[in-house]
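Step one of this worksheet: look at the structure below.
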Amino acid sequence: MDTQRRTGEHGPAPFRSSRFFCVGSKWYFTTREGFDSGPFASRERAEIGLKRFLHVVRMLPEEQQLH
């Protein structure tokens, strides 16, 4: 669980869980919208997949971005 505050947050840090999870020997990441992506061969590959996903989302016009 991540208990650090993000920039601009005040007060106690809200509960956060990891975006990564493992089922069997396969790794996945989850988004805030509840989208699970995978399987990936390793956590490192899942982290790369998440970075690619976030990169694509940032390129979308603001009205099309996931919230």
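Identifiers for the structure tokens are assigned positionally: chains receive A, B, ... in sequence, residues are indexed from 1 per chain, and ligands are indexed from 1 in the order shown.
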Long-range neighbours of segment 22-27 of chain A as a list in words, 10 Å cut-off, only C-alpha atoms, 4 positions minimum in chain: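 Using only C-alpha atoms, the neighbours found are Ser37, Gly38, Pro39, Phe40, Ala41, Ser42, Arg43, Glu44, Arg45, Ala46 and Glu47 of chain A.
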Please, which residues of segment 4-67 of chain A, numbered as in this document, come out strand (DSSP E or B) from DSSP, as JSON, numbers by chain? {"A": [20, 21, 22, 23, 26, 27, 28, 29, 30, 36, 37, 38, 39, 40]}
